[in-house]
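J.: So I've got this file, structure_30.cif, and it contains mmCIF, C-alpha atoms and all ligand atoms:
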```
data_input
loop_
_atom_site.label_atom_id
_atom_site.label_comp_id
_atom_site.auth_asym_id
_atom_site.auth_seq_id
_atom_site.Cartn_x
_atom_site.Cartn_y
_atom_site.Cartn_z
CA MET F 22 -2.29 -62.29 -42.36
CA ARG F 23 -4.58 -65.27 -42.35
CA GLU F 24 -3.86 -67.97 -39.74
CA PHE F 25 -3.49 -71.51 -40.95
CA THR F 26 -6.86 -73.17 -40.41
CA LEU F 27 -8.07 -76.65 -41.22
CA ILE F 28 -11.78 -76.79 -41.95
CA PRO F 29 -13.26 -80.30 -41.73
CA VAL F 30 -15.65 -81.07 -44.57
CA THR F 31 -16.27 -84.59 -43.43
CA THR F 32 -14.46 -86.77 -40.93
CA ASN F 33 -14.57 -90.44 -40.01
CA ASP F 34 -14.80 -91.51 -36.37
CA LYS F 35 -15.18 -94.66 -34.27
CA LYS F 36 -18.90 -94.91 -34.95
CA ALA F 37 -18.54 -94.67 -38.69
CA LYS F 38 -17.69 -97.57 -40.95
CA LYS F 39 -13.97 -98.33 -41.11
CA ASN F 40 -13.86 -96.92 -44.59
CA SER F 41 -15.50 -93.52 -44.79
CA TRP F 42 -14.18 -90.17 -46.00
CA THR F 43 -11.99 -87.76 -44.08
CA LEU F 44 -11.53 -84.52 -45.95
CA SER F 45 -10.63 -80.96 -44.96
CA GLU F 46 -10.05 -77.65 -46.62
CA PHE F 47 -7.35 -75.31 -45.44
CA CYS F 48 -6.75 -71.60 -45.52
CA SER F 49 -3.29 -70.20 -45.07
CA SER F 50 -0.88 -67.43 -45.86
CA GLU F 51 1.64 -68.46 -48.48
CA HIS F 52 4.15 -67.67 -45.72
CA SER F 53 2.80 -69.91 -42.91
CA GLY F 54 4.95 -72.30 -40.93
CA THR F 55 8.15 -73.56 -42.50
CA HIS F 56 8.03 -72.05 -45.96
CA ILE F 57 9.95 -70.83 -48.97
CA ASP F 58 10.12 -67.17 -50.01
CA ALA F 59 10.17 -66.92 -53.81
CA PRO F 60 12.20 -63.92 -55.03
CA LEU F 61 8.92 -62.36 -56.25
CA HIS F 62 7.96 -61.88 -52.57
CA TYR F 63 10.09 -58.70 -52.42
CA ASN F 64 11.21 -58.14 -55.99
CA ARG F 65 8.64 -57.42 -58.71
CA GLU F 66 10.96 -58.89 -61.35
CA GLY F 67 12.06 -61.91 -59.34
CA TRP F 68 11.04 -65.53 -59.88
CA SER F 69 7.59 -66.55 -58.68
CA LEU F 70 7.39 -69.89 -56.90
CA ASP F 71 6.61 -71.89 -60.03
CA ALA F 72 9.40 -70.12 -61.96
CA ILE F 73 12.21 -71.31 -59.65
CA PRO F 74 14.01 -74.04 -61.63
CA THR F 75 13.35 -77.38 -59.89
CA HIS F 76 17.04 -78.29 -59.90
CA ARG F 77 17.65 -75.35 -57.56
CA LEU F 78 15.35 -76.97 -54.98
CA TRP F 79 16.53 -80.54 -55.37
CA ARG F 80 19.47 -82.24 -53.55
CA ARG F 81 21.57 -79.13 -53.06
CA PRO F 82 24.75 -79.25 -50.98
CA GLY F 83 23.83 -77.88 -47.55
CA ILE F 84 25.87 -75.66 -45.22
CA MET F 85 24.83 -75.00 -41.61
CA VAL F 86 26.33 -71.90 -40.00
CA ASP F 87 25.66 -72.05 -36.26
CA VAL F 88 25.75 -68.65 -34.55
CA SER F 89 23.38 -69.64 -31.73
CA GLU F 90 26.01 -69.41 -28.99
CA GLU F 91 27.07 -65.92 -30.09
CA VAL F 92 23.42 -64.82 -30.30
CA ARG F 93 22.81 -66.08 -26.77
CA THR F 94 25.82 -64.36 -25.22
CA SER F 95 25.29 -61.11 -27.18
CA MET F 96 22.00 -60.42 -25.38
CA ASN F 97 20.98 -58.58 -28.58
CA PRO F 98 17.49 -59.69 -29.64
CA ASN F 99 18.11 -58.23 -33.12
CA PHE F 100 21.52 -59.86 -33.60
CA GLU F 101 22.71 -59.65 -37.22
CA ILE F 102 24.76 -62.26 -39.06
CA GLN F 103 27.82 -60.52 -40.56
CA PRO F 104 30.19 -61.46 -43.39
CA LYS F 105 32.79 -62.47 -40.75
CA HIS F 106 30.53 -65.33 -39.60
CA LEU F 107 30.62 -66.71 -43.14
CA THR F 108 34.35 -66.21 -43.71
CA GLU F 109 35.10 -67.77 -40.30
CA PHE F 110 32.92 -70.72 -41.30
CA GLU F 111 34.92 -71.20 -44.52
CA ILE F 112 38.25 -71.06 -42.67
CA LYS F 113 37.03 -73.76 -40.27
CA PHE F 114 35.04 -76.06 -42.56
CA GLY F 115 36.22 -75.29 -46.10
CA SER F 116 34.74 -73.18 -48.86
CA ILE F 117 31.01 -73.21 -49.55
CA PRO F 118 30.44 -75.32 -52.69
CA ASP F 119 28.84 -73.90 -55.81
CA GLY F 120 25.06 -74.33 -55.90
CA ALA F 121 24.78 -74.58 -52.11
CA VAL F 122 21.91 -73.69 -49.77
CA VAL F 123 23.22 -71.84 -46.70
CA LEU F 124 21.30 -72.41 -43.45
CA ILE F 125 21.75 -70.09 -40.47
CA ARG F 126 21.07 -71.40 -36.97
CA THR F 127 20.41 -68.55 -34.55
CA GLY F 128 18.82 -70.72 -31.83
CA GLN F 129 15.58 -68.70 -32.07
CA GLY F 130 13.89 -71.87 -33.40
CA SER F 131 13.86 -73.39 -29.90
CA LYS F 132 11.18 -70.80 -28.94
CA VAL F 133 8.81 -71.74 -31.76
CA ARG F 134 6.02 -73.10 -29.51
CA ASN F 135 5.64 -69.71 -27.80
CA ILE F 136 4.76 -67.23 -30.53
CA THR F 137 5.41 -64.15 -28.34
CA ALA F 138 8.90 -65.33 -27.44
CA TYR F 139 9.57 -66.57 -30.99
CA SER F 140 8.59 -63.28 -32.66
CA GLY F 141 10.10 -61.26 -29.79
CA LEU F 142 6.98 -59.13 -29.67
CA ASP F 143 7.56 -56.10 -27.43
CA ARG F 144 5.27 -53.57 -25.73
CA ASN F 145 5.10 -51.52 -28.93
CA HIS F 146 3.94 -54.59 -30.88
CA LYS F 147 7.27 -54.65 -32.74
CA MET F 148 9.10 -57.88 -33.48
CA ASN F 149 12.62 -58.60 -32.25
CA HIS F 150 14.61 -61.59 -33.49
CA PRO F 151 17.99 -62.27 -35.15
CA GLY F 152 18.49 -61.96 -38.92
CA ILE F 153 20.92 -61.58 -41.80
CA SER F 154 22.68 -58.19 -42.23
CA LYS F 155 22.76 -56.38 -45.57
CA ASN F 156 26.53 -56.95 -45.76
CA ALA F 157 26.17 -60.69 -45.16
CA ALA F 158 23.45 -60.87 -47.83
CA GLU F 159 25.81 -59.09 -50.25
CA TRP F 160 28.60 -61.49 -49.31
CA ILE F 161 26.26 -64.39 -50.18
CA THR F 162 25.22 -62.96 -53.58
CA THR F 163 28.83 -62.36 -54.62
CA HIS F 164 30.13 -65.71 -53.39
CA THR F 165 31.62 -67.64 -56.26
CA ASN F 166 33.68 -70.68 -55.74
CA ASN F 167 36.43 -71.38 -58.19
CA ASN F 168 37.96 -74.26 -56.23
CA ASN F 169 35.06 -76.65 -56.66
CA PRO F 170 33.60 -77.61 -60.04
CA PRO F 171 29.95 -76.60 -60.55
CA THR F 172 27.34 -79.26 -59.83
CA HIS F 173 24.56 -80.59 -62.08
CA ASN F 174 26.49 -79.61 -65.22
CA HIS F 175 25.40 -76.03 -64.80
CA THR F 176 27.66 -73.05 -64.98
CA HIS F 177 28.55 -71.38 -61.71
CA GLU F 178 25.36 -70.66 -59.84
CA GLY F 179 26.81 -69.35 -56.61
CA ILE F 180 24.66 -69.84 -53.50
CA VAL F 181 21.06 -70.63 -54.61
CA GLY F 182 19.13 -70.32 -51.33
CA VAL F 183 19.40 -69.12 -47.73
CA GLY F 184 17.46 -70.50 -44.75
CA ILE F 185 17.02 -69.44 -41.13
CA ASP F 186 15.30 -70.63 -37.92
CA THR F 187 13.39 -67.35 -37.40
CA LEU F 188 10.26 -65.71 -38.81
CA SER F 189 12.23 -63.73 -41.38
CA LEU F 190 15.58 -63.53 -43.18
CA ASP F 191 15.86 -59.96 -41.85
CA LYS F 192 16.12 -59.10 -38.15
CA GLY F 193 12.80 -58.49 -36.38
CA SER F 194 13.38 -54.73 -35.89
CA THR F 195 14.20 -54.06 -39.55
CA LEU F 196 12.40 -51.30 -41.44
CA HIS F 197 13.78 -51.84 -44.95
CA TYR F 198 14.28 -55.64 -45.32
CA PRO F 199 17.76 -55.37 -46.89
CA ALA F 200 18.47 -59.13 -46.76
CA HIS F 201 15.26 -59.88 -48.68
CA ALA F 202 16.03 -57.13 -51.22
CA VAL F 203 19.67 -58.06 -51.83
CA LEU F 204 19.08 -61.82 -52.07
CA PHE F 205 15.91 -61.60 -54.19
CA ASN F 206 17.57 -59.19 -56.64
CA ARG F 207 19.81 -62.15 -57.48
CA ASN F 208 16.95 -64.70 -57.48
CA ILE F 209 18.29 -66.40 -54.35
CA TYR F 210 15.30 -67.87 -52.52
CA GLY F 211 14.68 -67.85 -48.75
CA LEU F 212 13.59 -70.50 -46.22
CA GLU F 213 12.02 -69.33 -42.97
CA ASN F 214 10.93 -71.00 -39.71
CA LEU F 215 13.27 -73.94 -40.27
CA ALA F 216 13.19 -76.72 -37.64
CA ASN F 217 15.83 -79.10 -36.28
CA LEU F 218 18.92 -77.23 -37.50
CA GLU F 219 20.72 -78.42 -34.35
CA LYS F 220 20.62 -81.93 -35.80
CA LEU F 221 22.74 -80.97 -38.81
CA PRO F 222 26.52 -81.08 -39.18
CA PRO F 223 28.22 -77.93 -40.59
CA THR F 224 28.75 -79.55 -44.02
CA GLY F 225 28.28 -82.88 -45.81
CA PHE F 226 24.52 -83.07 -46.32
CA TYR F 227 21.99 -82.43 -49.06
CA ILE F 228 18.92 -80.19 -48.90
CA THR F 229 15.68 -80.68 -50.85
CA ILE F 230 12.76 -78.23 -50.70
CA LEU F 231 9.27 -79.43 -51.58
CA PRO F 232 6.81 -76.49 -51.67
CA LEU F 233 3.29 -76.53 -53.02
CA ASN F 234 3.57 -75.48 -56.66
CA ILE F 235 1.36 -72.38 -56.43
CA HIS F 236 0.93 -70.66 -59.80
CA GLN F 237 2.66 -67.26 -59.59
CA GLY F 238 2.99 -67.75 -55.82
CA SER F 239 5.24 -65.53 -53.70
CA GLY F 240 6.00 -68.47 -51.43
CA ALA F 241 4.46 -71.61 -49.96
CA PRO F 242 4.59 -73.91 -46.95
CA ALA F 243 7.32 -76.42 -47.75
CA ARG F 244 8.68 -79.69 -46.54
CA VAL F 245 12.42 -79.22 -46.30
CA VAL F 246 14.44 -82.41 -46.07
CA ALA F 247 18.13 -82.88 -45.26
CA GLU F 248 19.94 -86.07 -46.26
CA THR F 249 22.57 -86.60 -43.65
CA GLY F 250 24.05 -89.99 -44.60
CA ASP F 251 27.74 -90.33 -45.52
CA THR F 252 27.06 -92.36 -48.62
CA ILE F 253 23.91 -92.09 -50.67
CA ALA F 254 22.82 -95.62 -51.57
CA LEU F 255 21.50 -95.83 -55.10
CA HIS F 256 18.47 -98.05 -54.67
CA SER F 257 17.90 -97.78 -50.97
CA ALA F 258 15.07 -95.69 -49.58
CA ALA F 259 16.76 -95.99 -46.18
CA VAL F 260 18.87 -92.86 -46.62
CA PRO F 261 19.14 -91.09 -43.26
CA THR F 262 16.95 -88.03 -43.54
CA CYS F 263 15.99 -85.21 -41.23
CA THR F 264 12.86 -83.08 -41.68
CA LEU F 265 13.60 -79.39 -41.20
CA THR F 266 9.90 -78.51 -41.20
CA HIS F 267 7.46 -77.56 -38.48
CA THR F 268 3.93 -78.75 -39.17
CA VAL F 269 1.89 -75.78 -40.35
CA GLU F 270 0.33 -74.13 -37.30
CA LEU F 271 1.69 -70.60 -37.50
CA GLY F 272 -0.11 -67.96 -39.12
CA GLU F 273 -3.72 -66.47 -48.10
CA PHE F 274 -5.01 -68.96 -49.86
CA CYS F 275 -7.83 -71.43 -49.45
CA SER F 276 -7.82 -74.84 -50.93
CA SER F 277 -9.16 -78.32 -50.59
CA GLU F 278 -6.48 -80.70 -49.33
CA HIS F 279 -7.25 -82.52 -52.56
CA SER F 280 -6.61 -79.72 -55.06
CA GLY F 281 -4.24 -80.02 -57.99
CA THR F 282 -1.62 -82.75 -57.94
CA HIS F 283 -1.97 -84.06 -54.41
CA LEU F 284 -1.39 -86.90 -51.99
CA ASP F 285 -4.20 -88.98 -50.46
CA ALA F 286 -3.18 -90.00 -46.93
CA PRO F 287 -4.68 -93.36 -45.84
CA SER F 288 -6.84 -91.53 -43.25
CA HIS F 289 -8.72 -89.98 -46.16
CA TYR F 290 -10.80 -93.16 -46.36
CA ALA F 291 -9.76 -95.38 -43.44
CA TYR F 292 -10.41 -94.73 -39.76
CA ASN F 293 -7.31 -94.32 -37.58
CA LYS F 294 -4.86 -94.86 -40.43
CA TRP F 295 -1.99 -92.50 -41.24
CA THR F 296 -2.69 -88.79 -41.63
CA VAL F 297 -0.31 -86.87 -43.89
CA GLU F 298 2.31 -86.02 -41.26
CA LYS F 299 2.36 -89.62 -39.96
CA ILE F 300 3.43 -91.17 -43.28
CA PRO F 301 7.10 -92.16 -42.75
CA LEU F 302 9.37 -89.97 -44.85
CA ASP F 303 11.08 -92.95 -46.49
CA ARG F 304 7.76 -93.85 -48.12
CA LEU F 305 7.69 -90.46 -49.84
CA TRP F 306 11.37 -89.96 -50.43
CA ARG F 307 13.44 -91.43 -53.26
CA VAL F 308 11.17 -94.46 -53.49
CA PRO F 309 12.42 -96.39 -56.51
CA GLY F 310 9.88 -96.14 -59.31
CA HIS F 311 8.94 -99.39 -61.01
CA VAL F 312 11.87 -101.31 -59.59
CA ASN F 313 10.84 -104.95 -59.08
CA HIS F 314 7.80 -104.38 -61.28
CA ILE F 315 6.23 -107.69 -62.26
CA LEU F 316 4.61 -108.00 -65.67
CA THR F 317 1.00 -109.01 -65.11
CA SER F 318 -1.67 -110.49 -67.36
CA ALA F 319 -3.38 -107.09 -67.06
CA ASP F 320 -0.37 -105.49 -68.80
CA LEU F 321 -0.73 -107.96 -71.70
CA GLU F 322 -4.51 -107.52 -71.88
CA SER F 323 -4.19 -103.77 -72.12
CA TRP F 324 -1.54 -104.21 -74.83
CA GLU F 325 -3.97 -106.41 -76.81
CA GLU F 326 -6.75 -103.87 -76.37
CA GLU F 327 -4.58 -101.22 -77.94
CA HIS F 328 -2.71 -103.21 -80.60
CA GLY F 329 -4.80 -106.33 -81.31
CA VAL F 330 -4.56 -109.97 -80.29
CA ILE F 331 -1.07 -111.48 -79.93
CA PRO F 332 -0.86 -114.02 -82.80
CA ASP F 333 -0.48 -117.72 -82.12
CA GLY F 334 3.16 -118.79 -81.99
CA ALA F 335 4.35 -115.23 -81.33
CA VAL F 336 7.49 -114.32 -79.41
CA VAL F 337 6.73 -111.58 -76.88
CA PHE F 338 9.47 -109.06 -76.16
CA VAL F 339 9.19 -107.04 -72.99
CA ARG F 340 10.88 -103.64 -72.91
CA THR F 341 11.35 -102.43 -69.36
CA GLY F 342 13.81 -99.68 -70.27
CA TRP F 343 16.17 -101.21 -67.72
CA GLY F 344 18.60 -102.00 -70.56
CA ASP F 345 19.62 -98.33 -70.63
CA LYS F 346 21.57 -99.02 -67.44
CA VAL F 347 23.65 -101.86 -68.92
CA GLY F 348 26.86 -99.80 -68.98
CA ASN F 349 26.91 -99.78 -65.18
CA ILE F 350 26.57 -103.26 -63.68
CA GLN F 351 25.67 -101.89 -60.27
CA ASP F 352 22.74 -99.93 -61.71
CA TYR F 353 21.78 -102.75 -64.08
CA SER F 354 21.65 -105.43 -61.36
CA GLY F 355 20.06 -102.93 -58.95
CA VAL F 356 22.18 -104.30 -56.14
CA ASP F 357 21.10 -102.74 -52.85
CA GLU F 358 22.71 -102.35 -49.41
CA SER F 359 21.83 -105.92 -48.42
CA GLY F 360 23.37 -107.35 -51.62
CA LYS F 361 19.99 -108.16 -53.21
CA ASN F 362 19.27 -107.46 -56.86
CA ASN F 363 16.37 -105.21 -57.87
CA PHE F 364 15.03 -105.06 -61.42
CA PRO F 365 11.74 -105.58 -63.26
CA ASP F 366 10.66 -109.21 -63.49
CA GLN F 367 10.63 -111.58 -66.51
CA VAL F 368 7.70 -112.54 -68.67
CA ASN F 369 7.88 -116.16 -67.39
CA ARG F 370 6.72 -115.00 -63.96
CA ILE F 371 3.38 -113.64 -65.13
CA SER F 372 1.16 -113.20 -62.13
CA THR F 373 -2.27 -111.81 -61.66
CA PRO F 374 -2.44 -108.68 -59.58
CA SER F 375 -3.41 -109.48 -55.99
CA GLU F 376 -5.32 -106.25 -55.51
CA PRO F 377 -7.01 -103.96 -57.94
CA SER F 378 -5.24 -100.62 -57.97
CA LEU F 379 -7.29 -97.45 -58.07
ZN ZN S 1 8.11 -65.62 -46.04
ZN ZN S 2 10.70 -63.59 -45.85
#
```
Would you write out, as structure tokens, the structure that this file holds?
Ligand SMILES: [Zn+2]
Ligand SMILES: [Zn+2]
T.:
Amino acid sequence: MREFTLIPVTTNDKKAKKNSWTLSEFCSSEHSGTHIDAPLHYNREGWSLDAIPTHRLWRRPGIMVDVSEEVRTSMNPNFEIQPKHLTEFEIKFGSIPDGAVVLIRTGQGSKVRNITAYSGLDRNHKMNHPGISKNAAEWITTHTNNNNPPTHNHTHEGIVGVGIDTLSLDKGSTLHYPAHAVLFNRNIYGLENLANLEKLPPTGFYITILPLNIHQGSGAPARVVAETGDTIALHSAAVPTCTLTHTVELGEFCSSEHSGTHLDAPSHYAYNKWTVEKIPLDRLWRVPGHVNHILTSADLESWEEEHGVIPDGAVVFVRTGWGDKVGNIQDYSGVDESGKNNFPDQVNRISTPSEPSL
């Protein structure tokens, strides 16, 4: 498998002008670093990456089953998670809600910086690490929860995804990959090489998975985010979050960093400014769109270009769309955690834009 490599095309440095281009290409396996396994990865008829419905990746109730202590004391490098670990979890912490993503913490993730220890590579070049047993995978696919109503107005979905802090859903010594087969036959996706699972509580958090949207991909490096706050504030970007992703260093596809729909990090054209992994998560995550938008003269000019000159003596109506929220005063006033209101501004505060936007 191809290692993840970053190939500089051009890079800015101290000697260059402050604003000059930084740009790399990268080559990677679809299964490098923290990544998602699409069901297609081990099931010809399963969903490819771009076929997984987005709502299955977005703000799912998370469950963290911690077997790390049992793995440690078992001294079994190919420890398998059994159905009893899941039923014991439910007795202790309540039933797994419909539509959940189940995360398994084996403790193997703490070895991630030493690839030999992490993969458990032995003298015969075979891998040895914990994984999910066939029986536990079957338990997961047949889990239906009739005590809790289904989320997102969908019918019962059962468990939609399973994640682990090892290289694979299956144990390292496996020959037949039963966990992959059983889960993917039911279009349940996988998450591998997860980071920071020790920071999660057993229940009471949301999981969002943000993979590259590779056409017909079998998987992709993904940013996996857990929201761990008790209450989710409507208009606040300051929701406590935890990144469950290692930066991609483990390790086929080659791409410019600037292919398809993509993000420009400030370092792309400014020396010493943020590279992608330095951008604080709350600037990427649930940032309110168009809240506190101020109508500018540029908005009116572009309206006139399209529809003709505003006649003398006209009354100008501004539709922000905000009125749709009028049934809920909290949404409509956009009141945030500090008691301030947030909504698009009035026409009487026309300002000129301070900076051109590109
Ligand atoms: Zn994979
Ligand atoms: Zn896998």
J.: Using only C-alpha atoms, can you tell me which of F:Asn214, F:Ser359, F:Thr296, F:Asn40 comes closest to Pro242 (chain F)?
T.: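 Smallest distance to Pro242 (chain F) is found for F:Asn214.
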J.: From the options F:Phe110, F:Tyr353, F:Trp160, F:Tyr198, which residue's atoms come nearest to ligand ZN 2 (chain S), counting only C-alpha atoms and all ligand atoms?
T.: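 Looking only at the distances to ligand ZN 2 (chain S), the closest residue turns out to be F:Tyr198.
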J.: Using Å and a single decimal, report how far CA of His201 (chain F) sits from CA of Pro222 (chain F).
T.: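 That distance, rounded to one decimal, is 25.8 Å.
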J.: At a cut-off of 6 Å, can you tabulate as CSV every residue of chain F near ligand ZN 2 (chain S) together with its closest atom pair and the distance in Å to one decimal, using only C-alpha atoms and all ligand atoms and ordering rows by chain then number?
T.:
```
residue,atom,partner,partner_atom,distance
F:Asp58,CA,S:ZN2,ZN,5.5
F:Ser189,CA,S:ZN2,ZN,4.7
F:Leu190,CA,S:ZN2,ZN,5.6
```
J.: Give me, as a ChimeraX atom specification, the set of residues whose atoms come within 8 Å of any atom of ligand ZN 1 (chain S), counting all atoms listed in the file.
T.: /F:51-53,56-58,62,188-189,211-213,240
J.: May I have the residues from that selection written out with C-alpha atoms, as a tab-separated table (two decimals), in the coordinates of the input?
T.:
```
chain	number	residue	atom	x	y	z
F	51	GLU	CA	1.64	-68.46	-48.48
F	52	HIS	CA	4.15	-67.67	-45.72
F	53	SER	CA	2.80	-69.91	-42.91
F	56	HIS	CA	8.03	-72.05	-45.96
F	57	ILE	CA	9.95	-70.83	-48.97
F	58	ASP	CA	10.12	-67.17	-50.01
F	62	HIS	CA	7.96	-61.88	-52.57
F	188	LEU	CA	10.26	-65.71	-38.81
F	189	SER	CA	12.23	-63.73	-41.38
F	211	GLY	CA	14.68	-67.85	-48.75
F	212	LEU	CA	13.59	-70.50	-46.22
F	213	GLU	CA	12.02	-69.33	-42.97
F	240	GLY	CA	6.00	-68.47	-51.43
```
J.: Tell me which residues come within 12 Å of (14.9, -68.5, -53.5), as a ChimeraX atom specification, counting only C-alpha atoms in the file's coordinates.
T.: /F:56-64,67-78,120-123,162,180-184,190,201-213,230,232,239-241
J.: Please list as a PyMOL selection string every residue within 8 Å of Phe100 (chain F), counting only C-alpha atoms and excluding residues in the same chain fewer than 4 positions away.
T.: chain F and resi 92+95+150-152+192
J.: Between F:Lys35, F:His177, F:Arg144, F:Arg126, which residue has the minimum interatomic distance to His106 (chain F), considering only C-alpha atoms?
T.: F:Arg126
J.: Using only C-alpha atoms, which of the listed residues (F:Ala243, F:Ile185, F:Ala157, F:Leu316) sits closest to Ile84 (chain F)?
T.: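 For Ile84 (chain F), the nearest of the candidates is F:Ile185.
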J.: My list of candidates is F:Ala319, F:Leu221, F:Val339, F:Val297. Which is closest to Leu284 (chain F) when distances are computed with all atoms listed in the file?
T.: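 Result for the nearest residue to Leu284 (chain F): F:Val297.
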J.: Take CA of Asn97 (chain F) and CA of Ile112 (chain F) and report the distance between them in Å, one decimal.
T.: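 Answer for the CA of Asn97 (chain F) to CA of Ile112 (chain F) separation: 25.5 Å.
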J.: So which residues touch Val246 (chain F) within 8 Å, counting all atoms listed in the file, skipping near sequence neighbours fewer than 4 positions away, as JSON, numbers by chain?
T.: {"F": [228, 229, 230, 262, 263, 264, 265, 266]}
J.: Quote the spacing between CA of Gln103 (chain F) and CA of Thr163 (chain F) in Å to one decimal place.
T.: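 Taking CA of Gln103 (chain F) as the start and CA of Thr163 (chain F) as the end point, the length is 14.2 Å.
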J.: Return the padded bounding box of region 38-41 of chain F as JSON: axis-aligned, built from all atoms listed in the file, 4 Å added on each side, with centre and edge lengths in Å to one decimal.
T.:
```
{"center_x": -15.8, "center_y": -95.9, "center_z": -42.9, "size_x": 11.8, "size_y": 12.8, "size_z": 11.8}
```
J.: Hey, what's within 12 Å of Asp34 (chain F) if we count all atoms listed in the file and toss same-chain stuff fewer than 2 positions away? As a list in words, please?
T.: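 Here the answer would be Thr31, Thr32, Lys36, Ala37, Lys38, Lys39, Asn40, Ser41, Trp42, Thr43, Ser288, His289, Tyr290, Ala291, Tyr292, Asn293 and Lys294 of chain F.
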J.: Output region 54-70 of chain F with N, CA and C atoms present, as a PDB file, in the frame of the given file.
T.:
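Okay, this is what ended up in part_4.pdb:
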```
ATOM      1  N   GLY F  54       4.112 -71.177 -41.357  1.00  0.00           N
ATOM      2  CA  GLY F  54       4.950 -72.300 -40.930  1.00  0.00           C
ATOM      3  C   GLY F  54       6.301 -72.291 -41.638  1.00  0.00           C
ATOM      4  N   THR F  55       6.905 -73.462 -41.739  1.00  0.00           N
ATOM      5  CA  THR F  55       8.150 -73.560 -42.500  1.00  0.00           C
ATOM      6  C   THR F  55       7.812 -73.371 -43.971  1.00  0.00           C
ATOM      7  N   HIS F  56       8.423 -72.372 -44.589  1.00  0.00           N
ATOM      8  CA  HIS F  56       8.030 -72.050 -45.960  1.00  0.00           C
ATOM      9  C   HIS F  56       9.180 -71.497 -46.771  1.00  0.00           C
ATOM     10  N   ILE F  57       8.969 -71.443 -48.063  1.00  0.00           N
ATOM     11  CA  ILE F  57       9.950 -70.830 -48.970  1.00  0.00           C
ATOM     12  C   ILE F  57       9.457 -69.447 -49.357  1.00  0.00           C
ATOM     13  N   ASP F  58      10.381 -68.491 -49.427  1.00  0.00           N
ATOM     14  CA  ASP F  58      10.120 -67.170 -50.010  1.00  0.00           C
ATOM     15  C   ASP F  58      10.611 -67.231 -51.454  1.00  0.00           C
ATOM     16  N   ALA F  59       9.716 -67.075 -52.417  1.00  0.00           N
ATOM     17  CA  ALA F  59      10.170 -66.920 -53.810  1.00  0.00           C
ATOM     18  C   ALA F  59      10.689 -65.496 -53.962  1.00  0.00           C
ATOM     19  N   PRO F  60      11.665 -65.281 -54.854  1.00  0.00           N
ATOM     20  CA  PRO F  60      12.200 -63.920 -55.030  1.00  0.00           C
ATOM     21  C   PRO F  60      11.118 -62.871 -55.321  1.00  0.00           C
ATOM     22  N   LEU F  61      10.030 -63.284 -55.959  1.00  0.00           N
ATOM     23  CA  LEU F  61       8.920 -62.360 -56.250  1.00  0.00           C
ATOM     24  C   LEU F  61       8.353 -61.702 -54.986  1.00  0.00           C
ATOM     25  N   HIS F  62       8.519 -62.364 -53.840  1.00  0.00           N
ATOM     26  CA  HIS F  62       7.960 -61.880 -52.570  1.00  0.00           C
ATOM     27  C   HIS F  62       8.393 -60.444 -52.259  1.00  0.00           C
ATOM     28  N   TYR F  63       9.632 -60.071 -52.696  1.00  0.00           N
ATOM     29  CA  TYR F  63      10.090 -58.700 -52.420  1.00  0.00           C
ATOM     30  C   TYR F  63      10.865 -58.129 -53.603  1.00  0.00           C
ATOM     31  N   ASN F  64      10.574 -58.664 -54.783  1.00  0.00           N
ATOM     32  CA  ASN F  64      11.210 -58.140 -55.990  1.00  0.00           C
ATOM     33  C   ASN F  64      10.250 -58.401 -57.152  1.00  0.00           C
ATOM     34  N   ARG F  65       9.645 -57.341 -57.640  1.00  0.00           N
ATOM     35  CA  ARG F  65       8.640 -57.420 -58.710  1.00  0.00           C
ATOM     36  C   ARG F  65       9.112 -58.255 -59.896  1.00  0.00           C
ATOM     37  N   GLU F  66      10.434 -58.197 -60.174  1.00  0.00           N
ATOM     38  CA  GLU F  66      10.960 -58.890 -61.350  1.00  0.00           C
ATOM     39  C   GLU F  66      11.557 -60.251 -61.009  1.00  0.00           C
ATOM     40  N   GLY F  67      11.450 -60.641 -59.757  1.00  0.00           N
ATOM     41  CA  GLY F  67      12.060 -61.910 -59.340  1.00  0.00           C
ATOM     42  C   GLY F  67      11.183 -63.112 -59.712  1.00  0.00           C
ATOM     43  N   TRP F  68      11.767 -64.299 -59.573  1.00  0.00           N
ATOM     44  CA  TRP F  68      11.040 -65.530 -59.880  1.00  0.00           C
ATOM     45  C   TRP F  68       9.842 -65.725 -58.942  1.00  0.00           C
ATOM     46  N   SER F  69       8.690 -66.057 -59.512  1.00  0.00           N
ATOM     47  CA  SER F  69       7.590 -66.550 -58.680  1.00  0.00           C
ATOM     48  C   SER F  69       7.916 -68.002 -58.310  1.00  0.00           C
ATOM     49  N   LEU F  70       7.128 -68.542 -57.410  1.00  0.00           N
ATOM     50  CA  LEU F  70       7.390 -69.890 -56.900  1.00  0.00           C
ATOM     51  C   LEU F  70       7.533 -70.917 -58.032  1.00  0.00           C
TER      52      LEU F  70
END
```
